[in-house]
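Raw contents of model27.cif, mmCIF, C-alpha atoms:
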```cif
data_final
loop_
_atom_site.label_atom_id
_atom_site.label_comp_id
_atom_site.auth_asym_id
_atom_site.auth_seq_id
_atom_site.Cartn_x
_atom_site.Cartn_y
_atom_site.Cartn_z
CA ALA A 232 0.00 0.00 0.00
CA ALA A 233 2.86 2.36 0.86
CA LEU A 234 4.58 1.64 -2.46
CA ALA A 235 1.36 2.21 -4.38
CA GLU A 236 0.76 5.52 -2.59
CA ARG A 237 4.34 6.57 -3.27
CA ALA A 238 3.99 5.70 -6.95
CA ALA A 239 0.79 7.75 -7.21
CA THR A 240 2.47 10.71 -5.52
CA LEU A 241 5.42 10.56 -7.88
CA GLU A 242 3.08 10.45 -10.87
CA VAL A 243 1.27 13.58 -9.67
CA GLU A 244 4.59 15.35 -9.11
CA ARG A 245 5.78 14.39 -12.58
CA GLU A 246 2.61 15.78 -14.17
CA GLN A 247 2.97 18.99 -12.17
CA ARG A 248 6.58 19.40 -13.30
CA GLU A 249 5.53 18.91 -16.92
CA LEU A 250 2.76 21.49 -16.60
CA LEU A 251 5.13 23.97 -14.97
CA ALA A 252 7.76 23.44 -17.67
CA ALA A 253 5.13 23.95 -20.38
CA ALA A 254 3.90 27.16 -18.71
CA ASN A 255 7.45 28.49 -18.45
CA GLU A 256 8.09 27.72 -22.11
CA ARG A 257 4.86 29.42 -23.17
CA ALA A 258 5.85 32.51 -21.16
CA ARG A 259 9.30 32.53 -22.78
CA VAL A 260 7.89 32.23 -26.30
CA SER A 261 5.29 34.90 -25.52
CA ARG A 262 8.04 37.33 -24.49
CA GLU A 263 10.00 36.57 -27.65
CA LEU A 264 6.97 37.04 -29.90
CA HIS A 265 6.07 40.35 -28.26
CA ASP A 266 9.60 41.70 -28.68
CA ILE A 267 9.95 40.50 -32.27
CA VAL A 268 6.54 41.57 -33.56
CA GLY A 269 6.28 44.80 -31.55
CA HIS A 270 9.73 46.02 -32.57
CA THR A 271 9.42 45.13 -36.26
CA LEU A 272 5.97 46.65 -36.65
CA ALA A 273 7.10 49.88 -34.95
CA VAL A 274 10.03 50.16 -37.36
CA ILE A 275 7.88 49.36 -40.41
CA VAL A 276 5.21 51.89 -39.39
CA GLY A 277 7.88 54.53 -38.75
CA LEU A 278 9.48 53.90 -42.14
CA ALA A 279 6.13 53.93 -43.94
CA ASP A 280 5.09 57.22 -42.30
CA GLY A 281 8.45 58.81 -43.06
CA GLY A 282 8.44 57.55 -46.63
CA ALA A 283 4.95 58.91 -47.24
CA ALA A 284 5.90 62.30 -45.81
CA GLU A 285 9.05 62.57 -47.94
CA ALA A 286 7.64 61.06 -51.12
CA GLN A 287 7.35 64.46 -52.79
CA LEU A 288 10.43 66.06 -51.24
CA GLN A 289 12.88 63.18 -51.71
CA PRO A 290 11.37 60.65 -54.12
CA GLU A 291 14.79 59.06 -54.65
CA ARG A 292 14.63 57.66 -51.10
CA GLY A 293 11.57 55.55 -51.93
CA PRO A 294 13.45 52.42 -53.05
CA GLU A 295 15.76 52.62 -50.01
CA VAL A 296 12.82 52.81 -47.59
CA LEU A 297 11.09 49.89 -49.29
CA ARG A 298 14.25 47.77 -49.14
CA THR A 299 14.62 48.52 -45.42
CA ILE A 300 10.99 47.56 -44.79
CA ALA A 301 11.48 44.30 -46.69
CA GLU A 302 14.67 43.49 -44.77
CA ALA A 303 12.97 44.20 -41.43
CA GLY A 304 10.12 41.90 -42.45
CA ARG A 305 12.45 39.08 -43.49
CA THR A 306 14.45 39.34 -40.27
CA SER A 307 11.27 39.26 -38.22
CA LEU A 308 9.95 36.22 -40.10
CA GLY A 309 13.19 34.34 -39.42
CA GLU A 310 12.98 35.10 -35.69
CA LEU A 311 9.30 34.15 -35.61
CA ARG A 312 10.03 30.79 -37.22
CA ARG A 313 12.68 30.02 -34.63
CA ALA A 314 10.41 31.08 -31.76
CA LEU A 315 7.37 29.20 -33.04
CA GLY A 316 9.48 26.13 -33.71
CA ALA A 317 9.61 25.60 -29.95
CA LEU A 318 5.82 25.23 -29.95
CA ARG A 319 5.86 22.74 -32.85
CA VAL A 320 3.03 24.59 -34.55
CA GLY A 321 2.30 24.38 -38.26
CA LEU A 322 4.73 26.47 -40.28
CA PRO A 323 5.08 27.16 -44.01
CA ASP A 324 6.86 24.44 -45.95
CA ASP A 325 9.97 26.55 -46.43
CA ALA A 326 10.29 27.04 -42.65
CA ALA A 327 11.53 23.48 -42.18
CA GLY A 328 14.63 24.25 -44.22
CA ALA A 329 15.17 27.70 -42.73
CA GLU A 330 18.70 28.40 -41.64
CA LEU A 331 19.09 28.41 -37.88
CA HIS A 332 20.88 31.25 -36.08
CA PRO A 333 21.71 31.86 -32.43
CA GLN A 334 19.62 34.30 -30.42
CA PRO A 335 20.68 37.94 -30.79
CA GLY A 336 23.24 39.32 -28.37
CA THR A 337 25.37 42.37 -27.69
CA ALA A 338 27.17 41.99 -31.04
CA GLN A 339 23.89 42.83 -32.80
CA LEU A 340 23.20 46.03 -30.82
CA ALA A 341 24.91 48.27 -33.40
CA ALA A 342 22.76 46.80 -36.19
CA LEU A 343 19.66 47.24 -34.01
CA CYS A 344 20.46 50.93 -33.51
CA GLU A 345 21.08 51.35 -37.24
CA ARG A 346 17.68 49.82 -38.00
CA ILE A 347 16.02 52.37 -35.70
CA ARG A 348 17.99 55.19 -37.34
CA THR A 349 16.50 54.30 -40.72
CA ALA A 350 13.05 54.98 -39.24
CA GLY A 351 14.05 58.56 -38.34
CA PRO A 352 15.39 58.89 -34.75
CA THR A 353 18.99 59.91 -34.12
CA VAL A 354 20.50 57.06 -32.12
CA THR A 355 23.89 57.17 -30.38
CA TYR A 356 25.25 53.86 -29.10
CA THR A 357 28.13 53.58 -26.62
CA ALA A 358 29.53 50.31 -25.24
CA ALA A 359 32.08 49.92 -22.47
CA GLY A 360 33.69 46.81 -21.03
CA ASP A 361 33.97 43.31 -22.46
CA LEU A 362 30.41 42.60 -23.61
CA SER A 363 31.44 39.61 -25.70
CA SER A 364 32.40 37.64 -22.58
CA LEU A 365 28.88 37.81 -21.11
CA SER A 366 26.79 34.65 -21.05
CA ALA A 367 24.33 34.06 -23.90
CA SER A 368 21.31 34.52 -21.62
CA LEU A 369 22.67 37.82 -20.28
CA GLN A 370 23.45 39.08 -23.79
CA LEU A 371 19.92 38.20 -24.92
CA ALA A 372 18.45 40.09 -21.94
CA VAL A 373 20.56 43.16 -22.75
CA TYR A 374 19.54 43.04 -26.42
CA ARG A 375 15.82 42.65 -25.71
CA ILE A 376 15.78 45.44 -23.10
CA VAL A 377 17.49 47.84 -25.52
CA GLN A 378 15.19 46.70 -28.32
CA GLU A 379 12.04 47.34 -26.29
CA ALA A 380 13.29 50.71 -25.04
CA LEU A 381 14.11 51.83 -28.60
CA THR A 382 10.73 50.60 -29.82
CA ASN A 383 8.99 52.63 -27.11
CA SER A 384 11.03 55.73 -28.01
CA LEU A 385 10.07 55.40 -31.68
CA LYS A 386 6.43 54.70 -30.87
CA HIS A 387 5.89 57.40 -28.22
CA ALA A 388 8.48 60.09 -29.02
CA GLY A 389 8.29 59.85 -32.80
CA PRO A 390 10.86 59.75 -35.60
CA ARG A 391 12.50 63.09 -34.71
CA THR A 392 13.58 62.18 -31.22
CA ARG A 393 17.21 61.68 -30.18
CA VAL A 394 18.11 58.52 -28.30
CA ARG A 395 21.28 57.66 -26.39
CA VAL A 396 22.00 53.99 -25.68
CA THR A 397 24.72 53.07 -23.20
CA VAL A 398 25.73 49.52 -22.22
CA THR A 399 28.48 49.15 -19.64
CA ALA A 400 29.97 45.87 -18.41
CA ASP A 401 31.62 46.67 -15.08
CA ALA A 402 33.70 43.63 -14.12
CA ARG A 403 34.76 45.19 -10.82
CA ALA A 404 31.16 45.75 -9.69
CA GLY A 405 30.08 42.49 -11.33
CA GLU A 406 27.15 44.01 -13.19
CA VAL A 407 25.98 45.23 -16.57
CA VAL A 408 24.22 48.59 -16.69
CA VAL A 409 21.90 49.33 -19.60
CA GLN A 410 20.56 52.85 -20.06
CA VAL A 411 18.39 54.21 -22.87
CA GLU A 412 17.40 57.89 -22.85
CA ASP A 413 15.29 59.79 -25.37
CA THR A 414 14.63 63.52 -25.70
CA GLY A 415 10.94 63.10 -26.43
CA PRO A 416 9.20 64.58 -29.49
CA PRO A 417 9.84 68.10 -30.77
CA VAL A 418 7.55 70.65 -29.13
CA GLU A 419 5.61 71.25 -32.34
CA GLU A 420 4.90 67.50 -32.67
CA ALA A 421 3.89 66.93 -29.05
CA THR A 422 0.50 65.24 -28.66
CA PRO A 423 -1.39 64.21 -25.49
CA ASP A 424 0.22 60.78 -25.88
CA ARG A 425 3.71 62.22 -26.37
CA ALA A 426 3.85 65.51 -24.46
CA GLY A 427 5.84 64.34 -21.45
CA GLY A 428 2.97 62.31 -20.08
CA SER A 429 2.96 58.83 -18.64
CA ARG A 430 3.66 55.92 -20.94
CA THR A 431 0.95 53.45 -20.10
CA PRO A 432 2.48 50.36 -18.46
CA GLY A 433 1.93 47.69 -21.09
CA GLN A 434 3.47 44.37 -22.03
CA GLY A 435 6.66 46.12 -23.13
CA LEU A 436 7.46 47.56 -19.72
CA ILE A 437 6.41 44.35 -18.04
CA GLY A 438 8.61 42.44 -20.45
CA MET A 439 11.66 44.56 -19.61
CA ARG A 440 11.13 43.93 -15.92
CA GLU A 441 10.76 40.19 -16.53
CA ARG A 442 13.85 40.09 -18.77
CA ALA A 443 15.89 41.71 -16.04
CA ALA A 444 14.44 39.50 -13.30
CA LEU A 445 15.23 36.32 -15.25
CA VAL A 446 18.95 37.08 -14.99
CA GLY A 447 18.78 38.31 -11.38
CA GLY A 448 18.57 42.04 -12.09
CA HIS A 449 15.93 44.75 -12.23
CA ALA A 450 14.77 47.55 -14.53
CA VAL A 451 13.07 50.91 -13.98
CA SER A 452 11.52 53.42 -16.35
CA ARG A 453 11.16 57.06 -15.39
CA ARG A 454 10.07 60.32 -16.95
CA ARG A 455 12.48 63.21 -16.95
CA ALA A 456 12.44 66.70 -18.45
CA GLY A 457 11.61 66.30 -22.12
CA GLY A 458 11.83 62.54 -22.39
CA TRP A 459 12.14 59.13 -20.75
CA THR A 460 14.91 56.99 -19.32
CA VAL A 461 15.05 53.21 -19.06
CA ARG A 462 17.75 51.81 -16.78
CA ALA A 463 18.49 48.16 -16.05
CA VAL A 464 21.13 46.69 -13.74
CA LEU A 465 21.98 43.03 -14.44
CA PRO A 466 24.48 40.98 -12.40
CA MET A 467 27.14 39.24 -14.47
CA ASN A 468 27.21 36.18 -12.21
CA HIS A 469 23.49 35.54 -12.15
CA ASP A 470 24.02 31.76 -12.07
CA GLY A 471 24.30 31.89 -8.29
CA ARG A 472 28.06 31.63 -7.88
CA THR A 473 28.15 35.10 -6.33
CA LYS A 474 24.86 36.78 -5.66
CA THR A 475 24.36 40.52 -5.77
CA ASP A 476 22.48 42.09 -2.87
CA PRO A 477 19.17 43.27 -4.42
CA LYS A 478 19.00 46.27 -2.05
CA THR A 479 22.49 47.36 -3.03
CA ALA A 480 21.79 46.96 -6.74
CA ARG A 481 18.52 48.87 -6.47
CA ALA A 482 20.20 51.68 -4.55
CA ARG A 483 22.80 52.04 -7.31
CA SER A 484 20.26 52.48 -10.10
CA ALA A 485 17.29 54.15 -8.39
CA PRO A 486 17.26 57.95 -8.84
CA LYS A 487 17.36 60.04 -5.68
CA ASP A 488 14.31 62.03 -6.79
CA ARG A 489 11.46 59.55 -7.02
CA THR A 490 9.20 62.02 -8.85
CA GLY A 491 8.02 60.51 -12.10
CA VAL A 492 9.74 57.20 -11.42
CA GLN A 493 7.84 54.22 -12.70
CA GLU A 494 8.96 50.68 -12.07
CA CYS A 495 8.45 48.39 -15.04
CA PRO A 496 5.53 48.28 -15.08
#
```

Mind turning this structure into structure tokens?
Amino acid sequence: AALAERAATLEVEREQRELLAAANERARVSRELHDIVGHTLAVIVGLADGGAAEAQLQPERGPEVLRTIAEAGRTSLGELRRALGALRVGLPDDAAGAELHPQPGTAQLAALCERIRTAGPTVTYTAAGDLSSLSASLQLAVYRIVQEALTNSLKHAGPRTRVRVTVTADARAGEVVVQVEDTGPPVEEATPDRAGGSRTPGQGLIGMRERAALVGGHAVSRRRAGGWTVRAVLPMNHDGRTKTDPKTARARSAPKDRTGVQECP
């Protein structure tokens, strides 16, 4: 009787572990799909709006804009195929032979910034420290946080904003600091949605917080004069070998003036 009860208990535990693993995988794929689709659509919409506005002034830029839109779409489709492959859902016939690539990392940040530049914003990217030595999971978190912050800047501040992206790997402190700041829209283009108001906490801000939490860090988003700042602090040794004190890490990144500070979300 004891053995039978033990066997039944183990079976229940096994089913629970399978359900938990499936839920975790669905959450991971959901985050990937949001970042891929949200970013690509924001870039495509920005390019389409800019191309329509400049069609009469600079018609020679039309083919360039269309090529950039097509390239953004192809890149997004490739990432979607890889993400959906984990769910084993039905894909187009050509997806089975699609070339596989690793997840994006810090090496792709420059290309990401260039893609945003083509949509209009002026983007400055600065990297410090040895980013290439970071783990694959940490590099993916950095990339996705920067991607979401840039997407939000393009969506809410518009194509004429200026964005500064800074990624610093501080080996001495054992952490990676990601900061993305935008200047907001020009005064003449300010709308109720863009004029220094609150950016509604949506899946993007939640996703940044989750990305940071998955690698043992945290992220905050705050409004400042004329624009917004996203700041994330991620420990390099998030695998548990040396843990960073959450209170210490939060104190390093949290602004002294809490006015307008909004945790993600």

Residue nearest Ala450 in chain A among A:Pro390, A:Leu311, A:Val377, A:Gly415 (counting only C-alpha atoms):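 Between A:Pro390, A:Leu311, A:Val377, A:Gly415, the residue approaching Ala450 in chain A most closely is A:Val377.
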
Test item: residues at most 6 Å from range 401-407 of chain A, all atoms listed in the file, excluding those fewer than 4 positions along its chain, as number ranges by chain: A: 464-467

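The residue that comes closest to Ala273 in chain A, out of A:Arg454, A:Arg442, A:Arg346, A:His449 and on the basis of only C-alpha atoms, is A:Arg346.
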
Excluding range 352-359 of chain A and its own-chain neighbours fewer than 6 positions away, which residues fall within 12 Å of it when counting all atoms listed in the file? Please give them as JSON, numbers by chain. {"A": [274, 277, 278, 281, 337, 338, 339, 340, 341, 342, 343, 344, 345, 346, 373, 377, 380, 381, 382, 383, 384, 385, 386, 387, 388, 389, 390, 391, 392, 393, 394, 395, 396, 397, 398, 399, 400, 401, 402, 407, 408, 409, 410, 411, 412, 413, 414, 415, 416, 417]}

Write out the residues from the selection above, keeping C-alpha atoms, as a PDB file, in the frame of the given file.
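File selection-v8.pdb, as written:
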```pdb
ATOM      1  CA  VAL A 274      10.030  50.160 -37.360  1.00  0.00           C
ATOM      2  CA  GLY A 277       7.880  54.530 -38.750  1.00  0.00           C
ATOM      3  CA  LEU A 278       9.480  53.900 -42.140  1.00  0.00           C
ATOM      4  CA  GLY A 281       8.450  58.810 -43.060  1.00  0.00           C
ATOM      5  CA  THR A 337      25.370  42.370 -27.690  1.00  0.00           C
ATOM      6  CA  ALA A 338      27.170  41.990 -31.040  1.00  0.00           C
ATOM      7  CA  GLN A 339      23.890  42.830 -32.800  1.00  0.00           C
ATOM      8  CA  LEU A 340      23.200  46.030 -30.820  1.00  0.00           C
ATOM      9  CA  ALA A 341      24.910  48.270 -33.400  1.00  0.00           C
ATOM     10  CA  ALA A 342      22.760  46.800 -36.190  1.00  0.00           C
ATOM     11  CA  LEU A 343      19.660  47.240 -34.010  1.00  0.00           C
ATOM     12  CA  CYS A 344      20.460  50.930 -33.510  1.00  0.00           C
ATOM     13  CA  GLU A 345      21.080  51.350 -37.240  1.00  0.00           C
ATOM     14  CA  ARG A 346      17.680  49.820 -38.000  1.00  0.00           C
ATOM     15  CA  VAL A 373      20.560  43.160 -22.750  1.00  0.00           C
ATOM     16  CA  VAL A 377      17.490  47.840 -25.520  1.00  0.00           C
ATOM     17  CA  ALA A 380      13.290  50.710 -25.040  1.00  0.00           C
ATOM     18  CA  LEU A 381      14.110  51.830 -28.600  1.00  0.00           C
ATOM     19  CA  THR A 382      10.730  50.600 -29.820  1.00  0.00           C
ATOM     20  CA  ASN A 383       8.990  52.630 -27.110  1.00  0.00           C
ATOM     21  CA  SER A 384      11.030  55.730 -28.010  1.00  0.00           C
ATOM     22  CA  LEU A 385      10.070  55.400 -31.680  1.00  0.00           C
ATOM     23  CA  LYS A 386       6.430  54.700 -30.870  1.00  0.00           C
ATOM     24  CA  HIS A 387       5.890  57.400 -28.220  1.00  0.00           C
ATOM     25  CA  ALA A 388       8.480  60.090 -29.020  1.00  0.00           C
ATOM     26  CA  GLY A 389       8.290  59.850 -32.800  1.00  0.00           C
ATOM     27  CA  PRO A 390      10.860  59.750 -35.600  1.00  0.00           C
ATOM     28  CA  ARG A 391      12.500  63.090 -34.710  1.00  0.00           C
ATOM     29  CA  THR A 392      13.580  62.180 -31.220  1.00  0.00           C
ATOM     30  CA  ARG A 393      17.210  61.680 -30.180  1.00  0.00           C
ATOM     31  CA  VAL A 394      18.110  58.520 -28.300  1.00  0.00           C
ATOM     32  CA  ARG A 395      21.280  57.660 -26.390  1.00  0.00           C
ATOM     33  CA  VAL A 396      22.000  53.990 -25.680  1.00  0.00           C
ATOM     34  CA  THR A 397      24.720  53.070 -23.200  1.00  0.00           C
ATOM     35  CA  VAL A 398      25.730  49.520 -22.220  1.00  0.00           C
ATOM     36  CA  THR A 399      28.480  49.150 -19.640  1.00  0.00           C
ATOM     37  CA  ALA A 400      29.970  45.870 -18.410  1.00  0.00           C
ATOM     38  CA  ASP A 401      31.620  46.670 -15.080  1.00  0.00           C
ATOM     39  CA  ALA A 402      33.700  43.630 -14.120  1.00  0.00           C
ATOM     40  CA  VAL A 407      25.980  45.230 -16.570  1.00  0.00           C
ATOM     41  CA  VAL A 408      24.220  48.590 -16.690  1.00  0.00           C
ATOM     42  CA  VAL A 409      21.900  49.330 -19.600  1.00  0.00           C
ATOM     43  CA  GLN A 410      20.560  52.850 -20.060  1.00  0.00           C
ATOM     44  CA  VAL A 411      18.390  54.210 -22.870  1.00  0.00           C
ATOM     45  CA  GLU A 412      17.400  57.890 -22.850  1.00  0.00           C
ATOM     46  CA  ASP A 413      15.290  59.790 -25.370  1.00  0.00           C
ATOM     47  CA  THR A 414      14.630  63.520 -25.700  1.00  0.00           C
ATOM     48  CA  GLY A 415      10.940  63.100 -26.430  1.00  0.00           C
ATOM     49  CA  PRO A 416       9.200  64.580 -29.490  1.00  0.00           C
ATOM     50  CA  PRO A 417       9.840  68.100 -30.770  1.00  0.00           C
TER      51      PRO A 417
END
```

Between CA of Gly304 in chain A and CA of Thr271 in chain A, what is the spacing in Å?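 CA of Gly304 in chain A lies 7.0 Å from CA of Thr271 in chain A.
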
Taking 5 positions as the minimum chain separation for residues in the same chain, which residues sit within 12 Å of Ile267 in chain A when counting all atoms listed in the file? Answer as a short mmCIF file (atom, residue, chain, number, x, y, z; two decimals) with C-alpha atoms, keeping the file's coordinate frame.
```cif
data_model
loop_
_atom_site.label_atom_id
_atom_site.label_comp_id
_atom_site.auth_asym_id
_atom_site.auth_seq_id
_atom_site.Cartn_x
_atom_site.Cartn_y
_atom_site.Cartn_z
CA VAL A 260 7.89 32.23 -26.30
CA SER A 261 5.29 34.90 -25.52
CA ARG A 262 8.04 37.33 -24.49
CA LEU A 272 5.97 46.65 -36.65
CA ALA A 273 7.10 49.88 -34.95
CA VAL A 274 10.03 50.16 -37.36
CA ALA A 303 12.97 44.20 -41.43
CA GLY A 304 10.12 41.90 -42.45
CA ARG A 305 12.45 39.08 -43.49
CA THR A 306 14.45 39.34 -40.27
CA SER A 307 11.27 39.26 -38.22
CA LEU A 308 9.95 36.22 -40.10
CA GLY A 309 13.19 34.34 -39.42
CA GLU A 310 12.98 35.10 -35.69
CA LEU A 311 9.30 34.15 -35.61
CA ARG A 312 10.03 30.79 -37.22
CA ARG A 313 12.68 30.02 -34.63
CA ALA A 314 10.41 31.08 -31.76
CA LEU A 315 7.37 29.20 -33.04
CA GLN A 334 19.62 34.30 -30.42
CA PRO A 335 20.68 37.94 -30.79
CA LEU A 343 19.66 47.24 -34.01
CA TYR A 374 19.54 43.04 -26.42
CA ARG A 375 15.82 42.65 -25.71
CA ILE A 376 15.78 45.44 -23.10
CA GLN A 378 15.19 46.70 -28.32
CA GLU A 379 12.04 47.34 -26.29
CA THR A 382 10.73 50.60 -29.82
CA GLY A 435 6.66 46.12 -23.13
#
```

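Reported to one decimal place, the separation of CA of Gly336 in chain A from CA of Val446 in chain A is 14.2 Å.
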
Could you tell me which residues the PyMOL selection byres ((chain A and resi 294-297) around 8) grabs in this file, written as a list in words? Leu278, Ala279, Gly282, Glu291, Arg292, Gly293, Arg298, Thr299, Ile300, Ala301 and Thr349 of chain A

Those same residues, written as a PDB file, in the coordinates of the input with C-alpha atoms?
```
ATOM      1  CA  LEU A 278       9.480  53.900 -42.140  1.00  0.00           C
ATOM      2  CA  ALA A 279       6.130  53.930 -43.940  1.00  0.00           C
ATOM      3  CA  GLY A 282       8.440  57.550 -46.630  1.00  0.00           C
ATOM      4  CA  GLU A 291      14.790  59.060 -54.650  1.00  0.00           C
ATOM      5  CA  ARG A 292      14.630  57.660 -51.100  1.00  0.00           C
ATOM      6  CA  GLY A 293      11.570  55.550 -51.930  1.00  0.00           C
ATOM      7  CA  ARG A 298      14.250  47.770 -49.140  1.00  0.00           C
ATOM      8  CA  THR A 299      14.620  48.520 -45.420  1.00  0.00           C
ATOM      9  CA  ILE A 300      10.990  47.560 -44.790  1.00  0.00           C
ATOM     10  CA  ALA A 301      11.480  44.300 -46.690  1.00  0.00           C
ATOM     11  CA  THR A 349      16.500  54.300 -40.720  1.00  0.00           C
TER      12      THR A 349
END
```

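Here CA of Ser368 in chain A is placed at a distance of 25.5 Å from CA of Arg453 in chain A.
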
Translate the PyMOL selection byres ((chain A and resi 440) around 8) into a concrete residue list for this structure, as an MDAnalysis selection string. chainID A and resid 436:439 441:444 449:451 495:496
